[in-house]
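Working notes for the structure below.
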Amino acid sequence: MSWIVMSLAFICGHILLADSGCPLGWIKDGLSCYHFSHDTESFVIADLLCKKMGGQLAEVNTEEESIFLAEHAANISHKFWIGLTDIDNEGDWRWYNSKASLIQTNVTNWAKHEPDNTGDNENCAILGSHHGLWWDHSCHEFNRFVCEVEDESSVDVFG
Ligand SMILES: *[C@@H]1O[C@H](CO)[C@@H](O)[C@H](O)[C@H]1NC(C)=O
Ligand SMILES: *[C@@H]1O[C@H](CO)[C@@H](O)[C@H](O)[C@H]1NC(C)=O
């Protein structure tokens with residue numbers, strides 16, 4: 001489903017909310033709703049599109065959330081941007097929207113030997129397609145992405 005259709009789903013939130021309490025095309029897990037995109041975008045544009053839909057690139061705050069995202073990405077067998085980057089300060093991985101550092105959130109799921117900053121040019125994180133483990137990639141690369149709305153109340157704002 002394109003992001004335009006998803007935006008409409010949000011604008012018409014009250015009509016299109018699925019049984020889960022999430023907009024159609026979004027998946028519920030814990031207190032959040034997630035949208036796994038079909039289209040591919042660079043990291044920054046992906047976050048902008050998530051915001052147009054009332055969310056933001058997914059931020060992993062708990063081990064449970066990490067496992068859900070990894071498992072779903074692996075199920076779909078595609079790579080997905082999550083909202084994690086060290087673009088401001090090499091090696092200082094932070095969640096793009098909250099600015100919380102990985103040391104603060106204390107949940108990681110890096111693949112072996114990652115992040116490795118290959119070519120001195122890998123500053124944004126994806127869920128890999130294999131086990132959903134995290135890899136650093138070039139932020140300019142086009143990938144699918146995961147948007148998150150952190151609780152149902154923010155969805156209702158758009159209804
Ligand atoms: C992944 O796929 C399995 C098998 O179809 C399913 O049982 C499981 O709920 C899926 N997990 C997620 C997080 O989508
Ligand atoms: C970070 O997580 C680990 C493993 O879950 C835990 O043992 C440790 O106490 C946590 N550290 C902090 C500062 O919360």
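Chain labels run A, B, ... following the order of the structure tokens; each chain numbers its residues from 1, and ligands are numbered from 1 in the order shown.
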Which of range 3-148 of chain A end up as strand (DSSP E) when DSSP is run on this backbone - answer as number ranges by chain?
A: 27-29, 32-36, 56-57, 80-85, 94-95, 124-127, 134-137, 144-148
Shell of 10 Å around ligand 1 (only C-alpha atoms and all ligand atoms), written as a ChimeraX atom specification:
/A:27-29,65,67-76
Counting only C-alpha atoms and all ligand atoms, what are the residues of chain A within 8 Å of ligand 2, and for each of them which pair of atoms is the nearest and at what distance in Å, to one decimal? Sort the table by chain and rising number, as CSV.
residue,atom,partner,partner_atom_place_in_ligand_line,distance
A:Glu63,CA,ligand 2,5 (O),7.8
A:Ile103,CA,ligand 2,13 (C),7.6
A:Gln104,CA,ligand 2,13 (C),7.3
A:Thr105,CA,ligand 2,14 (O),7.8
A:Asn106,CA,ligand 2,1 (C),4.9
A:Val107,CA,ligand 2,2 (O),6.7
Next, write the just-selected residues to a file, as a short mmCIF file (atom, residue, chain, number, x, y, z; two decimals), in the first residue's frame, keeping N, CA and C atoms as the atom set.
data_model
loop_
_atom_site.label_atom_id
_atom_site.label_comp_id
_atom_site.auth_asym_id
_atom_site.auth_seq_id
_atom_site.Cartn_x
_atom_site.Cartn_y
_atom_site.Cartn_z
N GLU A 63 13.29 -5.18 24.88
CA GLU A 63 13.74 -6.44 24.27
C GLU A 63 12.58 -7.10 23.51
N ILE A 103 23.01 3.44 24.74
CA ILE A 103 23.44 3.18 26.12
C ILE A 103 22.28 3.47 27.07
N GLN A 104 21.51 4.51 26.77
CA GLN A 104 20.35 4.83 27.60
C GLN A 104 19.24 3.79 27.45
N THR A 105 18.91 3.45 26.19
CA THR A 105 17.78 2.52 25.99
C THR A 105 18.19 1.09 26.30
N ASN A 106 19.49 0.80 26.17
CA ASN A 106 20.04 -0.49 26.63
C ASN A 106 19.42 -1.70 25.94
N VAL A 107 18.99 -1.53 24.69
CA VAL A 107 18.53 -2.68 23.90
C VAL A 107 19.20 -2.59 22.53
#
With 12 Å as the cut-off and only C-alpha atoms counted, what is the closest atom pair between each nearby residue of range 26-55 of chain A and range 88-101 of chain A? Distances in Å to one decimal, ordered by chain and number, as JSON lines.
{"residue": "A:Phe43", "atom": "CA", "partner": "A:Tyr96", "partner_atom": "CA", "distance": 10.1}
{"residue": "A:Val44", "atom": "CA", "partner": "A:Tyr96", "partner_atom": "CA", "distance": 9.5}
{"residue": "A:Ala46", "atom": "CA", "partner": "A:Tyr96", "partner_atom": "CA", "distance": 11.8}
{"residue": "A:Asp47", "atom": "CA", "partner": "A:Tyr96", "partner_atom": "CA", "distance": 8.9}
{"residue": "A:Leu48", "atom": "CA", "partner": "A:Asn97", "partner_atom": "CA", "distance": 11.1}
{"residue": "A:Cys50", "atom": "CA", "partner": "A:Asn97", "partner_atom": "CA", "distance": 11.5}
{"residue": "A:Lys51", "atom": "CA", "partner": "A:Asn97", "partner_atom": "CA", "distance": 10.6}
{"residue": "A:Gly55", "atom": "CA", "partner": "A:Asn97", "partner_atom": "CA", "distance": 10.5}
With distances taken over only C-alpha atoms, which residue among A:Leu133, A:Val60, A:Cys22, A:Ile82 lies nearest Leu102 in chain A?
A:Val60
Residues within 10 Å of Gly128 in chain A, please, as a PyMOL selection string. Count only C-alpha atoms; anything in the same chain fewer than 6 positions from it doesn't count.
chain A and resi 70+73-74+77-81+110-111+134-136
Would you export the selected residues with N, CA and C atoms as a short mmCIF file (atom, residue, chain, number, x, y, z; two decimals), in the first residue's frame, please?
data_model
loop_
_atom_site.label_atom_id
_atom_site.label_comp_id
_atom_site.auth_asym_id
_atom_site.auth_seq_id
_atom_site.Cartn_x
_atom_site.Cartn_y
_atom_site.Cartn_z
N ALA A 70 12.30 -7.81 14.71
CA ALA A 70 13.23 -8.71 14.04
C ALA A 70 12.48 -9.87 13.39
N ALA A 73 10.36 -8.61 10.35
CA ALA A 73 11.22 -8.30 9.19
C ALA A 73 11.70 -9.60 8.56
N ALA A 74 12.08 -10.56 9.39
CA ALA A 74 12.54 -11.86 8.88
C ALA A 74 11.40 -12.56 8.17
N SER A 77 11.07 -11.01 4.87
CA SER A 77 12.30 -11.19 4.09
C SER A 77 12.72 -9.95 3.31
N HIS A 78 12.61 -8.80 3.95
CA HIS A 78 13.13 -7.57 3.37
C HIS A 78 13.90 -6.82 4.45
N LYS A 79 14.76 -5.90 3.98
CA LYS A 79 15.45 -5.00 4.91
C LYS A 79 14.54 -3.81 5.20
N PHE A 80 14.61 -3.28 6.42
CA PHE A 80 13.79 -2.12 6.80
C PHE A 80 14.62 -1.13 7.61
N TRP A 81 14.54 0.13 7.26
CA TRP A 81 15.13 1.15 8.13
C TRP A 81 14.41 1.16 9.47
N TRP A 110 22.42 -5.93 17.14
CA TRP A 110 23.36 -5.88 16.03
C TRP A 110 23.73 -7.29 15.56
N ALA A 111 23.88 -7.44 14.26
CA ALA A 111 24.46 -8.66 13.71
C ALA A 111 25.92 -8.73 14.13
N TRP A 134 20.40 -6.13 13.30
CA TRP A 134 20.70 -4.76 12.87
C TRP A 134 22.03 -4.69 12.12
N TRP A 135 22.02 -3.92 11.05
CA TRP A 135 23.22 -3.65 10.26
C TRP A 135 23.29 -2.16 10.03
N ASP A 136 24.49 -1.60 9.94
CA ASP A 136 24.60 -0.20 9.51
C ASP A 136 24.76 -0.16 8.00
#
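Separating CA of Lys112 in chain A from CA of Cys33 in chain A is a distance of 28.7 Å.
Nearest to Glu148 in chain A of all the residues A:Glu59, A:Asp39, A:Glu114, A:Asp86 is A:Glu59, counting only C-alpha atoms.
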Got a sec to tell me which of range 54-152 of chain A DSSP assigns to alpha helix (DSSP H), as a PyMOL selection string?
chain A and resi 63-76+102-105+152
Atom pair CA of Gly119 in chain A / CA of His137 in chain A: separation (Å):
10.0 Å
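Here CA of Gly132 in chain A is placed at a distance of 13.6 Å from CA of Ala58 in chain A.
Among the candidates A:Val146, A:Ser42, A:His140, A:Tyr34, the one nearest to Gly83 in chain A when counting only C-alpha atoms is A:Val146.
Shortest atom-to-atom contact with His35 in chain A among A:Ile87, A:Cys124, A:Cys139, A:Leu57: A:Leu57, counting only C-alpha atoms.
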Nearest to Thr108 in chain A, restricted to only C-alpha atoms and choosing among A:Ala125, A:Val149, A:Leu24, A:Ile45, comes out as A:Ala125
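Proximity of A:Asn143, A:Asn123, A:Asp151, A:Glu64 to Asn109 in chain A, computed with only C-alpha atoms, is greatest for A:Glu64.
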